[in-house]
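Next comes data27.txt, with compact mmCIF, N, CA and C atoms.
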# COMPACT_ATOMS: atom_id res chain seq x y z
N TYR A 1 -43.59 9.92 0.65
CA TYR A 1 -42.43 9.72 -0.19
C TYR A 1 -42.34 10.84 -1.22
N LYS A 2 -41.15 11.44 -1.31
CA LYS A 2 -40.93 12.49 -2.31
C LYS A 2 -39.75 12.05 -3.17
N PRO A 3 -39.95 11.81 -4.46
CA PRO A 3 -38.85 11.35 -5.31
C PRO A 3 -37.78 12.42 -5.44
N LYS A 4 -36.53 11.97 -5.54
CA LYS A 4 -35.41 12.90 -5.68
C LYS A 4 -35.29 13.34 -7.12
N ASN A 5 -34.82 14.54 -7.29
CA ASN A 5 -34.59 15.08 -8.63
C ASN A 5 -33.26 14.53 -9.15
N GLY A 6 -33.33 13.57 -10.04
CA GLY A 6 -32.13 12.96 -10.58
C GLY A 6 -31.30 13.88 -11.45
N TRP A 7 -31.93 14.97 -11.92
CA TRP A 7 -31.21 15.90 -12.80
C TRP A 7 -30.77 17.16 -12.06
N ALA A 8 -30.79 17.12 -10.74
CA ALA A 8 -30.24 18.24 -9.98
C ALA A 8 -28.76 18.36 -10.31
N GLU A 9 -28.23 19.55 -10.23
CA GLU A 9 -26.85 19.79 -10.68
C GLU A 9 -25.84 18.92 -9.95
N HIS A 10 -25.98 18.78 -8.64
CA HIS A 10 -25.00 17.99 -7.89
C HIS A 10 -25.11 16.51 -8.19
N ARG A 11 -26.27 16.03 -8.66
CA ARG A 11 -26.39 14.63 -9.05
C ARG A 11 -26.01 14.42 -10.51
N ALA A 12 -26.38 15.35 -11.36
CA ALA A 12 -26.11 15.20 -12.79
C ALA A 12 -24.62 15.29 -13.10
N LEU A 13 -23.90 16.09 -12.34
CA LEU A 13 -22.48 16.29 -12.61
C LEU A 13 -21.59 15.42 -11.73
N ALA A 14 -22.18 14.56 -10.91
CA ALA A 14 -21.37 13.70 -10.04
C ALA A 14 -20.58 12.71 -10.89
N GLY A 15 -19.30 12.65 -10.64
CA GLY A 15 -18.45 11.69 -11.34
C GLY A 15 -18.01 12.12 -12.72
N GLN A 16 -18.21 13.38 -13.07
CA GLN A 16 -17.87 13.80 -14.42
C GLN A 16 -16.36 13.78 -14.69
N ASN A 17 -15.55 13.86 -13.66
CA ASN A 17 -14.10 13.87 -13.84
C ASN A 17 -13.44 12.56 -13.40
N ASP A 18 -14.23 11.52 -13.23
CA ASP A 18 -13.68 10.27 -12.71
C ASP A 18 -12.65 9.64 -13.64
N TYR A 19 -12.83 9.76 -14.93
CA TYR A 19 -11.95 9.10 -15.88
C TYR A 19 -11.05 10.09 -16.62
N ILE A 20 -10.78 11.23 -16.02
CA ILE A 20 -9.96 12.25 -16.68
C ILE A 20 -8.55 11.74 -16.93
N ASP A 21 -8.03 10.89 -16.05
CA ASP A 21 -6.68 10.37 -16.24
C ASP A 21 -6.63 9.29 -17.31
N ILE A 22 -7.75 8.64 -17.58
CA ILE A 22 -7.77 7.58 -18.60
C ILE A 22 -8.14 8.15 -19.96
N LEU A 23 -9.20 8.94 -20.02
CA LEU A 23 -9.71 9.44 -21.29
C LEU A 23 -9.16 10.81 -21.67
N GLY A 24 -8.67 11.54 -20.69
CA GLY A 24 -8.24 12.91 -20.95
C GLY A 24 -6.84 12.98 -21.52
N SER A 25 -6.38 14.21 -21.68
CA SER A 25 -5.04 14.43 -22.21
C SER A 25 -4.03 14.43 -21.06
N ASP A 26 -2.77 14.55 -21.41
CA ASP A 26 -1.72 14.57 -20.40
C ASP A 26 -1.53 15.95 -19.78
N GLU A 27 -2.30 16.93 -20.22
CA GLU A 27 -2.14 18.30 -19.73
C GLU A 27 -2.69 18.49 -18.32
N ILE A 28 -3.64 17.67 -17.92
CA ILE A 28 -4.27 17.83 -16.60
C ILE A 28 -4.04 16.55 -15.79
N HIS A 29 -3.73 16.75 -14.52
CA HIS A 29 -3.51 15.63 -13.61
C HIS A 29 -4.73 15.49 -12.72
N PRO A 30 -5.09 14.28 -12.33
CA PRO A 30 -6.28 14.11 -11.49
C PRO A 30 -6.25 14.91 -10.19
N LYS A 31 -5.07 15.16 -9.63
CA LYS A 31 -5.03 15.94 -8.39
C LYS A 31 -5.40 17.40 -8.61
N GLN A 32 -5.37 17.88 -9.87
CA GLN A 32 -5.72 19.27 -10.15
C GLN A 32 -7.23 19.49 -10.18
N ILE A 33 -8.00 18.42 -10.25
CA ILE A 33 -9.46 18.57 -10.29
C ILE A 33 -10.11 18.21 -8.97
N MET A 34 -9.32 18.12 -7.92
CA MET A 34 -9.87 17.85 -6.59
C MET A 34 -10.29 19.19 -5.98
N TYR A 35 -11.48 19.65 -6.38
CA TYR A 35 -11.93 20.98 -6.00
C TYR A 35 -12.30 21.07 -4.53
N HIS A 36 -12.73 19.98 -3.93
CA HIS A 36 -13.21 19.99 -2.56
C HIS A 36 -12.08 19.82 -1.54
N VAL A 37 -10.83 19.66 -2.00
CA VAL A 37 -9.69 19.43 -1.12
C VAL A 37 -8.88 20.72 -1.03
N PRO A 38 -8.42 21.11 0.15
CA PRO A 38 -7.58 22.31 0.25
C PRO A 38 -6.33 22.18 -0.61
N HIS A 39 -5.82 23.30 -1.07
CA HIS A 39 -4.67 23.30 -1.99
C HIS A 39 -3.46 22.60 -1.39
N TYR A 40 -3.23 22.79 -0.11
CA TYR A 40 -2.03 22.21 0.48
C TYR A 40 -2.15 20.69 0.67
N LEU A 41 -3.34 20.13 0.54
CA LEU A 41 -3.51 18.69 0.68
C LEU A 41 -3.63 17.96 -0.65
N ARG A 42 -3.68 18.68 -1.75
CA ARG A 42 -3.83 18.03 -3.05
C ARG A 42 -2.58 17.27 -3.40
N GLY A 43 -2.75 16.02 -3.76
CA GLY A 43 -1.63 15.20 -4.17
C GLY A 43 -0.87 14.54 -3.03
N ILE A 44 -1.32 14.72 -1.80
CA ILE A 44 -0.64 14.09 -0.66
C ILE A 44 -1.05 12.63 -0.60
N HIS A 45 -0.10 11.76 -0.38
CA HIS A 45 -0.39 10.34 -0.28
C HIS A 45 -1.13 10.05 1.03
N LYS A 46 -1.96 9.04 1.00
CA LYS A 46 -2.78 8.73 2.19
C LYS A 46 -1.95 8.25 3.37
N ASN A 47 -0.72 7.81 3.14
CA ASN A 47 0.11 7.32 4.23
C ASN A 47 0.94 8.41 4.90
N LYS A 48 0.81 9.64 4.46
CA LYS A 48 1.50 10.73 5.14
C LYS A 48 0.92 10.87 6.53
N ASN A 49 1.79 11.09 7.51
CA ASN A 49 1.27 11.19 8.86
C ASN A 49 0.78 12.60 9.16
N TYR A 50 0.15 12.74 10.29
CA TYR A 50 -0.49 13.99 10.67
C TYR A 50 0.51 15.13 10.75
N PHE A 51 1.70 14.86 11.25
CA PHE A 51 2.70 15.91 11.40
C PHE A 51 3.16 16.43 10.04
N GLN A 52 3.31 15.55 9.06
CA GLN A 52 3.72 15.98 7.73
C GLN A 52 2.64 16.86 7.09
N MET A 53 1.37 16.53 7.33
CA MET A 53 0.30 17.37 6.80
C MET A 53 0.26 18.72 7.51
N MET A 54 0.57 18.73 8.81
CA MET A 54 0.60 19.99 9.53
C MET A 54 1.71 20.89 9.01
N ILE A 55 2.84 20.32 8.64
CA ILE A 55 3.95 21.10 8.08
C ILE A 55 3.52 21.72 6.75
N LYS A 56 2.84 20.94 5.91
CA LYS A 56 2.37 21.48 4.63
C LYS A 56 1.35 22.59 4.85
N ARG A 57 0.46 22.42 5.85
CA ARG A 57 -0.53 23.45 6.13
C ARG A 57 0.14 24.73 6.62
N ARG A 58 1.13 24.58 7.52
CA ARG A 58 1.84 25.74 8.02
C ARG A 58 2.57 26.48 6.91
N ASP A 59 3.26 25.74 6.04
CA ASP A 59 3.99 26.37 4.95
C ASP A 59 3.05 27.06 3.97
N HIS A 60 1.87 26.48 3.76
CA HIS A 60 0.90 27.08 2.84
C HIS A 60 0.33 28.38 3.41
N TYR A 61 -0.06 28.36 4.67
CA TYR A 61 -0.69 29.53 5.27
C TYR A 61 0.30 30.58 5.75
N ALA A 62 1.57 30.29 5.76
CA ALA A 62 2.56 31.29 6.21
C ALA A 62 2.63 32.47 5.25
N GLN A 63 2.32 32.25 3.96
CA GLN A 63 2.36 33.34 2.98
C GLN A 63 1.02 34.07 2.85
N THR A 64 0.07 33.73 3.67
CA THR A 64 -1.25 34.37 3.62
C THR A 64 -1.38 35.33 4.81
N PRO A 65 -2.45 36.11 4.85
CA PRO A 65 -2.65 37.01 6.00
C PRO A 65 -3.08 36.31 7.28
N LEU A 66 -3.24 34.99 7.27
CA LEU A 66 -3.76 34.28 8.44
C LEU A 66 -2.94 34.49 9.71
N PRO A 67 -1.59 34.44 9.68
CA PRO A 67 -0.86 34.62 10.94
C PRO A 67 -1.13 35.96 11.64
N LYS A 68 -1.35 37.00 10.85
CA LYS A 68 -1.64 38.31 11.46
C LYS A 68 -3.12 38.51 11.71
N ALA A 69 -3.97 37.90 10.87
CA ALA A 69 -5.41 38.08 11.02
C ALA A 69 -5.97 37.24 12.17
N GLN A 70 -5.42 36.04 12.37
CA GLN A 70 -5.89 35.17 13.44
C GLN A 70 -4.69 34.64 14.22
N PRO A 71 -4.07 35.51 15.04
CA PRO A 71 -2.85 35.11 15.73
C PRO A 71 -3.07 33.99 16.75
N SER A 72 -4.24 33.93 17.38
CA SER A 72 -4.45 32.88 18.37
C SER A 72 -4.57 31.51 17.69
N LYS A 73 -5.23 31.46 16.54
CA LYS A 73 -5.32 30.20 15.81
C LYS A 73 -3.94 29.78 15.32
N TRP A 74 -3.17 30.74 14.81
CA TRP A 74 -1.81 30.45 14.32
C TRP A 74 -0.92 29.94 15.46
N ALA A 75 -1.01 30.58 16.62
CA ALA A 75 -0.21 30.15 17.77
C ALA A 75 -0.66 28.77 18.24
N GLY A 76 -1.97 28.51 18.20
CA GLY A 76 -2.47 27.19 18.58
C GLY A 76 -1.96 26.10 17.66
N TRP A 77 -1.93 26.39 16.35
CA TRP A 77 -1.39 25.42 15.40
C TRP A 77 0.09 25.15 15.68
N ASN A 78 0.84 26.22 15.97
CA ASN A 78 2.27 26.05 16.24
C ASN A 78 2.50 25.26 17.52
N LEU A 79 1.67 25.49 18.55
CA LEU A 79 1.79 24.71 19.78
C LEU A 79 1.47 23.24 19.53
N LEU A 80 0.45 22.99 18.73
CA LEU A 80 0.09 21.62 18.40
C LEU A 80 1.21 20.94 17.61
N MET A 81 1.84 21.69 16.71
CA MET A 81 2.96 21.12 15.96
C MET A 81 4.12 20.79 16.89
N MET A 82 4.41 21.65 17.83
CA MET A 82 5.50 21.37 18.76
C MET A 82 5.18 20.15 19.63
N HIS A 83 3.91 20.02 20.02
CA HIS A 83 3.50 18.85 20.80
C HIS A 83 3.70 17.57 19.99
N GLU A 84 3.25 17.59 18.72
CA GLU A 84 3.42 16.43 17.85
C GLU A 84 4.90 16.14 17.62
N TYR A 85 5.70 17.19 17.42
CA TYR A 85 7.13 17.03 17.17
C TYR A 85 7.82 16.36 18.36
N ARG A 86 7.47 16.81 19.56
CA ARG A 86 8.06 16.21 20.76
C ARG A 86 7.63 14.76 20.92
N TRP A 87 6.33 14.48 20.62
CA TRP A 87 5.85 13.11 20.74
C TRP A 87 6.59 12.20 19.76
N ILE A 88 6.77 12.65 18.53
CA ILE A 88 7.47 11.84 17.53
C ILE A 88 8.90 11.59 17.96
N ASN A 89 9.57 12.60 18.46
CA ASN A 89 10.96 12.42 18.89
C ASN A 89 11.09 11.48 20.09
N ARG A 90 10.07 11.46 20.95
CA ARG A 90 10.11 10.57 22.11
C ARG A 90 9.76 9.13 21.76
N HIS A 91 8.79 8.94 20.88
CA HIS A 91 8.23 7.62 20.67
C HIS A 91 8.69 6.90 19.41
N ILE A 92 9.28 7.60 18.47
CA ILE A 92 9.73 6.95 17.24
C ILE A 92 11.25 6.95 17.23
N ASP A 93 11.81 5.80 16.93
CA ASP A 93 13.26 5.65 16.94
C ASP A 93 13.88 6.47 15.82
N GLN A 94 14.59 7.54 16.16
CA GLN A 94 15.18 8.43 15.17
C GLN A 94 16.42 7.83 14.53
N ASN A 95 17.03 6.85 15.18
CA ASN A 95 18.24 6.24 14.63
C ASN A 95 17.93 5.13 13.63
N TRP A 96 16.66 4.84 13.43
CA TRP A 96 16.29 3.77 12.51
C TRP A 96 16.80 4.07 11.10
N TRP A 97 16.74 5.34 10.66
CA TRP A 97 17.12 5.71 9.31
C TRP A 97 18.51 6.34 9.25
N ALA A 98 19.20 6.46 10.38
CA ALA A 98 20.44 7.23 10.42
C ALA A 98 21.53 6.65 9.52
N ASN A 99 21.72 5.36 9.54
CA ASN A 99 22.80 4.75 8.77
C ASN A 99 22.28 3.87 7.65
N TYR A 100 21.13 4.19 7.10
CA TYR A 100 20.55 3.37 6.05
C TYR A 100 21.36 3.52 4.78
N LYS A 101 21.83 2.42 4.22
CA LYS A 101 22.66 2.46 3.02
C LYS A 101 22.01 1.71 1.86
N GLY A 102 20.74 1.41 1.96
CA GLY A 102 20.05 0.70 0.89
C GLY A 102 20.00 -0.80 1.17
N VAL A 103 19.40 -1.50 0.25
CA VAL A 103 19.25 -2.95 0.38
C VAL A 103 20.60 -3.60 0.11
N THR A 104 21.01 -4.49 0.98
CA THR A 104 22.28 -5.19 0.81
C THR A 104 22.00 -6.65 0.47
N GLU A 105 22.94 -7.25 -0.21
CA GLU A 105 22.81 -8.66 -0.57
C GLU A 105 23.74 -9.49 0.29
N GLY A 106 23.50 -10.77 0.30
CA GLY A 106 24.36 -11.66 1.05
C GLY A 106 23.66 -12.21 2.27
N PRO A 107 24.40 -12.94 3.10
CA PRO A 107 23.78 -13.54 4.28
C PRO A 107 23.36 -12.47 5.29
N VAL A 108 22.30 -12.76 5.99
CA VAL A 108 21.79 -11.85 7.00
C VAL A 108 22.66 -11.93 8.24
N LYS A 109 23.06 -10.74 8.76
CA LYS A 109 23.89 -10.71 9.96
C LYS A 109 23.00 -10.83 11.20
N ASN A 110 23.51 -11.51 12.21
CA ASN A 110 22.77 -11.67 13.45
C ASN A 110 22.96 -10.41 14.30
N PRO A 111 21.88 -9.64 14.55
CA PRO A 111 22.02 -8.40 15.31
C PRO A 111 22.31 -8.63 16.79
N PHE A 112 22.09 -9.86 17.30
CA PHE A 112 22.26 -10.14 18.71
C PHE A 112 23.66 -10.68 19.02
N LYS A 113 24.42 -10.95 18.00
CA LYS A 113 25.76 -11.50 18.18
C LYS A 113 26.77 -10.36 18.18
N LYS A 114 27.73 -10.40 19.10
CA LYS A 114 28.72 -9.32 19.18
C LYS A 114 29.96 -9.64 18.43
So, in terms of structure tokens, how does the structure I just supplied come out?
Amino acid sequence: YKPKNGWAEHRALAGQNDYIDILGSDEIHPKQIMYHVPHYLRGIHKNKNYFQMMIKRRDHYAQTPLPKAQPSKWAGWNLLMMHEYRWINRHIDQNWWANYKGVTEGPVKNPFKK
């Protein structure tokens, strides 16, 4: 048995920013201290789907040298995005949101009655 060093830097500083939104000032937002998360993923809600995150990644890396430095990786990402895009268009009803006018009041209409 070898005891762990409780004062090692990664253990001593763990959780130091946990209460920044409660105790800190309004100048810093908790998503700004997420150092281990890529910039394009900071502040994304957990319910965002994979395709939406891929769009954010593509838009983030489009202004960097990555498309010219690693063209095969860039082309692979674009092919994967097209595959996801086609899958979403085939399997998710696109007309679900087409005529959405907000919450309405009154009696519920029977969708099966003509």
Atom C of Tyr50 (chain A) and atom C of Pro71 (chain A), how far apart in Å?
20.1 Å
What separation in Å, quoted to one decimal, exists between CA of Tyr40 (chain A) and atom C of Ile55 (chain A)?
8.4 Å
In Å, with one decimal, what is the gap from atom N of Ala12 (chain A) to CA of Val37 (chain A)?
20.0 Å
Repaired coordinates for region 65-76 of chain A (all heavy atoms) as a short mmCIF file (atom, residue, chain, number, x, y, z; two decimals), in the frame of the given file:
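Result file out-v8.cif:
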data_model
loop_
_atom_site.label_atom_id
_atom_site.label_comp_id
_atom_site.auth_asym_id
_atom_site.auth_seq_id
_atom_site.Cartn_x
_atom_site.Cartn_y
_atom_site.Cartn_z
N PRO A 65 -2.45 36.11 4.85
CA PRO A 65 -2.65 37.01 6.00
C PRO A 65 -3.08 36.31 7.28
O PRO A 65 -3.28 36.96 8.31
CB PRO A 65 -3.77 37.95 5.54
CG PRO A 65 -3.97 37.73 4.10
CD PRO A 65 -3.36 36.41 3.76
N LEU A 66 -3.24 34.99 7.27
CA LEU A 66 -3.76 34.28 8.44
C LEU A 66 -2.94 34.49 9.71
O LEU A 66 -3.52 34.71 10.77
CB LEU A 66 -3.88 32.78 8.14
CG LEU A 66 -4.51 32.00 9.28
CD1 LEU A 66 -5.95 31.67 8.97
CD2 LEU A 66 -3.74 30.76 9.58
N PRO A 67 -1.59 34.44 9.68
CA PRO A 67 -0.86 34.62 10.94
C PRO A 67 -1.13 35.96 11.64
O PRO A 67 -1.17 36.01 12.86
CB PRO A 67 0.61 34.51 10.52
CG PRO A 67 0.60 33.72 9.27
CD PRO A 67 -0.68 34.07 8.59
N LYS A 68 -1.35 37.00 10.85
CA LYS A 68 -1.64 38.31 11.46
C LYS A 68 -3.12 38.51 11.71
O LYS A 68 -3.51 39.20 12.65
CB LYS A 68 -1.12 39.43 10.57
CG LYS A 68 0.39 39.48 10.52
CD LYS A 68 0.88 40.62 9.68
CE LYS A 68 2.40 40.60 9.66
NZ LYS A 68 2.96 41.62 8.76
N ALA A 69 -3.97 37.90 10.87
CA ALA A 69 -5.41 38.08 11.02
C ALA A 69 -5.97 37.24 12.17
O ALA A 69 -6.89 37.68 12.86
CB ALA A 69 -6.13 37.71 9.72
N GLN A 70 -5.42 36.04 12.37
CA GLN A 70 -5.89 35.17 13.44
C GLN A 70 -4.69 34.64 14.22
O GLN A 70 -4.32 33.47 14.13
CB GLN A 70 -6.69 34.01 12.85
CG GLN A 70 -7.94 34.45 12.13
CD GLN A 70 -8.69 33.29 11.53
OE1 GLN A 70 -8.15 32.22 11.31
NE2 GLN A 70 -9.96 33.51 11.24
N PRO A 71 -4.07 35.51 15.04
CA PRO A 71 -2.85 35.11 15.73
C PRO A 71 -3.07 33.99 16.75
O PRO A 71 -2.18 33.16 16.96
CB PRO A 71 -2.37 36.39 16.40
CG PRO A 71 -3.55 37.27 16.47
CD PRO A 71 -4.43 36.90 15.32
N SER A 72 -4.24 33.93 17.38
CA SER A 72 -4.45 32.88 18.37
C SER A 72 -4.57 31.51 17.69
O SER A 72 -4.06 30.50 18.21
CB SER A 72 -5.69 33.17 19.21
OG SER A 72 -6.83 33.25 18.40
N LYS A 73 -5.23 31.46 16.54
CA LYS A 73 -5.32 30.20 15.81
C LYS A 73 -3.94 29.78 15.32
O LYS A 73 -3.56 28.61 15.40
CB LYS A 73 -6.27 30.35 14.62
CG LYS A 73 -6.39 29.08 13.79
CD LYS A 73 -7.31 29.30 12.60
CE LYS A 73 -8.67 28.79 12.97
NZ LYS A 73 -9.59 28.73 11.83
N TRP A 74 -3.17 30.74 14.81
CA TRP A 74 -1.81 30.45 14.32
C TRP A 74 -0.92 29.94 15.46
O TRP A 74 -0.18 28.97 15.30
CB TRP A 74 -1.24 31.70 13.68
CG TRP A 74 0.08 31.49 13.04
CD1 TRP A 74 1.30 31.90 13.50
CD2 TRP A 74 0.35 30.81 11.81
NE1 TRP A 74 2.29 31.53 12.64
CE2 TRP A 74 1.74 30.86 11.59
CE3 TRP A 74 -0.45 30.17 10.87
CZ2 TRP A 74 2.34 30.28 10.48
CZ3 TRP A 74 0.14 29.61 9.77
CH2 TRP A 74 1.52 29.66 9.58
N ALA A 75 -1.01 30.58 16.62
CA ALA A 75 -0.21 30.15 17.77
C ALA A 75 -0.66 28.77 18.24
O ALA A 75 0.17 27.95 18.63
CB ALA A 75 -0.34 31.17 18.90
N GLY A 76 -1.97 28.51 18.20
CA GLY A 76 -2.47 27.19 18.58
C GLY A 76 -1.96 26.10 17.66
O GLY A 76 -1.59 25.01 18.11
#
